[in-house]
Amino acid sequence: MSLQAQPPEASEPETPHLDFAGTTPYEDYVQADVLTHLQHTLSDDPGEMVFLVTTQVMELWFTVIVHEWETAAHALRGDDVPTAVAALKRSVRELDALNASWRPLSQLTPAQFNSYRAALGEGSGFQSAMYRRMEFLLGEKSASMLVPHRAAPRVHAELEKALHEPSLYDEVLRLLARRGYDLPDAVLSRDVSLRYEPSADVEAAWTALYSGDPDAELARLGEALTDVAELVWRWRNDHLVATRRAMGAKAGTGGSAGVAWLEKRAQKNVFPELWTARSHV
């Protein structure tokens, strides 16, 4: 019997291109050198670095999520529900990653947090402009939240624009009205710079929608919004628990009420009628 030909040995991988005239294409695209040199700790405590980096990572996730929700809102204005749902579904995965950012900070003891807390000064998470844009897109509007940013013209202008634009939920409700659901003018023409308040008519519309075909386009939109709302609620609760563990009931930095303020936020439902309507289906 003749021996079968043996397959040739796999060739060694070629050496990647290592010589570039300037910075690497990776660096040009990602700006890693900028990102990895933005960490300027203000205390000698080694634990401050993880607090600072985790906070910066959260800001990057806020930025991505704002992009997704603005994409969804724009698509809804054009009656493009599939594009909106795709953006919302991406944001669900991003919210999962954002929520996981609490893990490095979730077991801080008061002593560990106090070792660098003074370095924060008057700094507080509620001053985050990108997080505020997230809240505005959810319908949590408040003109007073622009005040901390008066000295930053670009940031202030972006927030003011977001304040006066319809929220993501406003665009959803306008879409429902265009699709034949009976929503009053008080909802459709409301002052969008104000916080959204629940409406019995909106609850009735979601009840009717959810009593129909569960695979219908608008039902899928409702479920994507519910996924978003659930993860925002989890974000708020994880924030509450991490803060309670690190500092108890003490006042927060920046003059906030700390845990008491976070407890109040955690009790609020995002897209409220999507939750209350379920009791009537």
# chains A, B, ... in the order shown; residues from 1 in each chain; ligands from 1
>>> residues_around(residues="A:Ala111", least_positions_apart="4", cutoff="10 Å", atoms="only C-alpha atoms", output="number ranges by chain")
A: 115-117, 246-247
>>> select_by_dssp(residues="stretch 39-245 of chain A", states="helix (DSSP H, G or I)", output="PyMOL selection string")
chain A and resi 48-77+81-100+103-105+110-120+125-127+129-137+143-149+153-164+168-178+185-188+200-210+217-245
>>> closest_residue(among="A:Asp96, A:Asp182, A:Glu140, A:Glu158", to="A:Pro272", atoms="only C-alpha atoms")
A:Glu140
>>> closest_residue(among="A:His280, A:Lys250, A:Arg174, A:Lys161", to="A:Ala186", atoms="only C-alpha atoms")
A:Arg174
>>> closest_residue(among="A:Gly121, A:Pro46, A:Gly78, A:Pro148", to="A:Arg178", atoms="only C-alpha atoms")
A:Gly78
>>> closest_residue(among="A:Glu68, A:Asp238, A:Glu223, A:Asp44", to="A:Phe271", atoms="only C-alpha atoms")
A:Glu223
>>> residues_around(residues="A:Asn237", least_positions_apart="3", cutoff="10 Å", atoms="only C-alpha atoms", output="ChimeraX atom specification")
/A:99,231-234,240-243,262-263,265-267
>>> write_last_selection(atoms="N, CA, C and O atoms", output="PDB file, in the first residue's frame")
ATOM      1  N   ASN A  99     -23.878  49.112  32.981  1.00  0.00           N
ATOM      2  CA  ASN A  99     -24.241  48.663  34.321  1.00  0.00           C
ATOM      3  C   ASN A  99     -23.134  47.819  34.950  1.00  0.00           C
ATOM      4  O   ASN A  99     -22.917  47.858  36.162  1.00  0.00           O
ATOM      5  N   LEU A 231     -33.266  48.371  32.124  1.00  0.00           N
ATOM      6  CA  LEU A 231     -31.832  48.502  32.388  1.00  0.00           C
ATOM      7  C   LEU A 231     -31.489  49.870  32.962  1.00  0.00           C
ATOM      8  O   LEU A 231     -30.545  49.986  33.749  1.00  0.00           O
ATOM      9  N   VAL A 232     -32.232  50.900  32.586  1.00  0.00           N
ATOM     10  CA  VAL A 232     -32.037  52.203  33.233  1.00  0.00           C
ATOM     11  C   VAL A 232     -32.400  52.103  34.713  1.00  0.00           C
ATOM     12  O   VAL A 232     -31.700  52.640  35.582  1.00  0.00           O
ATOM     13  N   TRP A 233     -33.490  51.414  35.014  1.00  0.00           N
ATOM     14  CA  TRP A 233     -33.882  51.195  36.407  1.00  0.00           C
ATOM     15  C   TRP A 233     -32.790  50.436  37.153  1.00  0.00           C
ATOM     16  O   TRP A 233     -32.456  50.785  38.296  1.00  0.00           O
ATOM     17  N   ARG A 234     -32.199  49.425  36.518  1.00  0.00           N
ATOM     18  CA  ARG A 234     -31.129  48.669  37.161  1.00  0.00           C
ATOM     19  C   ARG A 234     -29.894  49.552  37.388  1.00  0.00           C
ATOM     20  O   ARG A 234     -29.220  49.430  38.419  1.00  0.00           O
ATOM     21  N   LEU A 240     -27.437  53.351  43.495  1.00  0.00           N
ATOM     22  CA  LEU A 240     -27.916  53.517  44.865  1.00  0.00           C
ATOM     23  C   LEU A 240     -27.188  52.564  45.811  1.00  0.00           C
ATOM     24  O   LEU A 240     -26.700  52.975  46.872  1.00  0.00           O
ATOM     25  N   VAL A 241     -27.113  51.288  45.445  1.00  0.00           N
ATOM     26  CA  VAL A 241     -26.509  50.290  46.330  1.00  0.00           C
ATOM     27  C   VAL A 241     -25.027  50.569  46.522  1.00  0.00           C
ATOM     28  O   VAL A 241     -24.498  50.503  47.650  1.00  0.00           O
ATOM     29  N   ALA A 242     -24.314  50.893  45.431  1.00  0.00           N
ATOM     30  CA  ALA A 242     -22.881  51.181  45.545  1.00  0.00           C
ATOM     31  C   ALA A 242     -22.637  52.393  46.430  1.00  0.00           C
ATOM     32  O   ALA A 242     -21.702  52.409  47.245  1.00  0.00           O
ATOM     33  N   THR A 243     -23.482  53.415  46.293  1.00  0.00           N
ATOM     34  CA  THR A 243     -23.324  54.631  47.104  1.00  0.00           C
ATOM     35  C   THR A 243     -23.649  54.356  48.558  1.00  0.00           C
ATOM     36  O   THR A 243     -22.944  54.799  49.470  1.00  0.00           O
ATOM     37  N   LEU A 262     -30.835  59.450  45.444  1.00  0.00           N
ATOM     38  CA  LEU A 262     -30.775  58.269  44.585  1.00  0.00           C
ATOM     39  C   LEU A 262     -31.972  57.346  44.819  1.00  0.00           C
ATOM     40  O   LEU A 262     -32.475  56.719  43.883  1.00  0.00           O
ATOM     41  N   GLU A 263     -32.432  57.248  46.069  1.00  0.00           N
ATOM     42  CA  GLU A 263     -33.612  56.429  46.366  1.00  0.00           C
ATOM     43  C   GLU A 263     -34.838  56.978  45.644  1.00  0.00           C
ATOM     44  O   GLU A 263     -35.641  56.208  45.094  1.00  0.00           O
ATOM     45  N   ARG A 265     -34.833  58.692  42.861  1.00  0.00           N
ATOM     46  CA  ARG A 265     -34.664  58.434  41.437  1.00  0.00           C
ATOM     47  C   ARG A 265     -34.966  56.967  41.109  1.00  0.00           C
ATOM     48  O   ARG A 265     -35.556  56.664  40.068  1.00  0.00           O
ATOM     49  N   ALA A 266     -34.560  56.068  41.992  1.00  0.00           N
ATOM     50  CA  ALA A 266     -34.728  54.639  41.731  1.00  0.00           C
ATOM     51  C   ALA A 266     -36.188  54.216  41.728  1.00  0.00           C
ATOM     52  O   ALA A 266     -36.533  53.165  41.184  1.00  0.00           O
ATOM     53  N   GLN A 267     -37.057  55.017  42.340  1.00  0.00           N
ATOM     54  CA  GLN A 267     -38.476  54.668  42.409  1.00  0.00           C
ATOM     55  C   GLN A 267     -39.240  55.054  41.141  1.00  0.00           C
ATOM     56  O   GLN A 267     -40.388  54.628  40.966  1.00  0.00           O
TER      57      GLN A 267
END
>>> decode(residues="stretch 9-54 of chain A", atoms="N, CA and C atoms", output="short mmCIF file (atom, residue, chain, number, x, y, z; two decimals), in the first residue's frame")
data_model
loop_
_atom_site.label_atom_id
_atom_site.label_comp_id
_atom_site.auth_asym_id
_atom_site.auth_seq_id
_atom_site.Cartn_x
_atom_site.Cartn_y
_atom_site.Cartn_z
N GLU A 9 2.76 21.26 5.90
CA GLU A 9 2.65 21.94 7.18
C GLU A 9 2.16 23.37 6.96
N ALA A 10 1.34 23.80 7.91
CA ALA A 10 0.82 25.17 7.81
C ALA A 10 1.99 26.15 7.86
N SER A 11 1.95 27.07 6.97
CA SER A 11 3.04 28.05 6.92
C SER A 11 2.94 29.01 8.10
N GLU A 12 4.07 29.49 8.52
CA GLU A 12 4.09 30.45 9.63
C GLU A 12 3.37 31.73 9.21
N PRO A 13 2.62 32.32 10.13
CA PRO A 13 1.95 33.57 9.78
C PRO A 13 2.97 34.65 9.42
N GLU A 14 2.61 35.45 8.47
CA GLU A 14 3.51 36.51 8.06
C GLU A 14 3.61 37.57 9.17
N THR A 15 4.76 38.17 9.25
CA THR A 15 4.96 39.24 10.23
C THR A 15 4.09 40.43 9.86
N PRO A 16 3.32 40.96 10.82
CA PRO A 16 2.49 42.11 10.49
C PRO A 16 3.33 43.33 10.15
N HIS A 17 2.73 44.26 9.47
CA HIS A 17 3.41 45.49 9.10
C HIS A 17 3.73 46.28 10.37
N LEU A 18 4.99 46.54 10.60
CA LEU A 18 5.40 47.19 11.83
C LEU A 18 5.93 48.61 11.65
N ASP A 19 6.25 48.97 10.44
CA ASP A 19 6.93 50.24 10.21
C ASP A 19 5.97 51.25 9.59
N PHE A 20 5.67 52.32 10.33
CA PHE A 20 4.76 53.35 9.85
C PHE A 20 5.47 54.70 9.87
N ALA A 21 5.12 55.53 8.94
CA ALA A 21 5.78 56.83 8.82
C ALA A 21 5.47 57.72 10.02
N GLY A 22 4.25 57.61 10.52
CA GLY A 22 3.85 58.41 11.67
C GLY A 22 3.34 57.51 12.78
N THR A 23 2.28 57.94 13.45
CA THR A 23 1.66 57.07 14.44
C THR A 23 0.95 55.92 13.73
N THR A 24 0.63 54.87 14.48
CA THR A 24 -0.01 53.70 13.87
C THR A 24 -1.44 54.03 13.44
N PRO A 25 -1.96 53.34 12.40
CA PRO A 25 -3.36 53.54 12.03
C PRO A 25 -4.32 53.27 13.18
N TYR A 26 -3.96 52.31 14.04
CA TYR A 26 -4.79 52.03 15.22
C TYR A 26 -4.88 53.26 16.12
N GLU A 27 -3.73 53.86 16.38
CA GLU A 27 -3.70 55.06 17.23
C GLU A 27 -4.46 56.21 16.59
N ASP A 28 -4.31 56.36 15.28
CA ASP A 28 -5.00 57.44 14.57
C ASP A 28 -6.52 57.30 14.72
N TYR A 29 -7.00 56.07 14.70
CA TYR A 29 -8.44 55.83 14.76
C TYR A 29 -8.96 55.88 16.21
N VAL A 30 -8.29 55.18 17.12
CA VAL A 30 -8.79 55.02 18.48
C VAL A 30 -8.37 56.17 19.40
N GLN A 31 -7.26 56.82 19.08
CA GLN A 31 -6.72 57.87 19.96
C GLN A 31 -6.41 57.31 21.35
N ALA A 32 -5.82 56.10 21.35
CA ALA A 32 -5.55 55.43 22.62
C ALA A 32 -4.57 56.23 23.48
N ASP A 33 -3.60 56.88 22.86
CA ASP A 33 -2.62 57.65 23.63
C ASP A 33 -3.31 58.79 24.38
N VAL A 34 -4.32 59.38 23.76
CA VAL A 34 -5.09 60.43 24.44
C VAL A 34 -5.88 59.83 25.60
N LEU A 35 -6.59 58.73 25.31
CA LEU A 35 -7.46 58.12 26.32
C LEU A 35 -6.67 57.66 27.55
N THR A 36 -5.51 57.07 27.31
CA THR A 36 -4.76 56.48 28.43
C THR A 36 -3.89 57.49 29.17
N HIS A 37 -3.97 58.75 28.77
CA HIS A 37 -3.24 59.79 29.50
C HIS A 37 -4.19 60.86 30.04
N LEU A 38 -5.46 60.49 30.19
CA LEU A 38 -6.45 61.40 30.75
C LEU A 38 -6.66 61.18 32.24
N GLN A 39 -5.88 60.30 32.84
CA GLN A 39 -6.08 59.95 34.24
C GLN A 39 -5.11 60.75 35.11
N HIS A 40 -5.65 61.72 35.82
CA HIS A 40 -4.83 62.57 36.70
C HIS A 40 -5.41 62.49 38.11
N THR A 41 -4.91 61.54 38.89
CA THR A 41 -5.42 61.36 40.24
C THR A 41 -5.00 62.53 41.13
N LEU A 42 -5.79 62.77 42.16
CA LEU A 42 -5.56 63.93 43.03
C LEU A 42 -5.20 63.54 44.46
N SER A 43 -5.06 62.25 44.70
CA SER A 43 -4.66 61.78 46.03
C SER A 43 -3.55 60.76 45.85
N ASP A 44 -2.99 60.32 46.98
CA ASP A 44 -1.95 59.29 46.94
C ASP A 44 -2.52 57.88 47.08
N ASP A 45 -3.83 57.79 47.21
CA ASP A 45 -4.44 56.48 47.42
C ASP A 45 -4.48 55.69 46.12
N PRO A 46 -3.97 54.44 46.12
CA PRO A 46 -3.96 53.66 44.87
C PRO A 46 -5.35 53.29 44.37
N GLY A 47 -6.35 53.33 45.25
CA GLY A 47 -7.71 53.00 44.84
C GLY A 47 -8.39 54.08 44.04
N GLU A 48 -7.84 55.30 44.04
CA GLU A 48 -8.47 56.39 43.30
C GLU A 48 -8.43 56.13 41.79
N MET A 49 -7.40 55.43 41.32
CA MET A 49 -7.24 55.21 39.88
C MET A 49 -8.43 54.43 39.31
N VAL A 50 -8.86 53.37 39.99
CA VAL A 50 -9.98 52.59 39.47
C VAL A 50 -11.26 53.40 39.52
N PHE A 51 -11.42 54.25 40.53
CA PHE A 51 -12.61 55.10 40.60
C PHE A 51 -12.63 56.07 39.42
N LEU A 52 -11.49 56.68 39.13
CA LEU A 52 -11.41 57.64 38.04
C LEU A 52 -11.62 56.98 36.68
N VAL A 53 -10.93 55.86 36.44
CA VAL A 53 -11.06 55.19 35.15
C VAL A 53 -12.47 54.66 34.95
N THR A 54 -13.07 54.09 35.99
CA THR A 54 -14.44 53.58 35.88
C THR A 54 -15.40 54.71 35.54
#
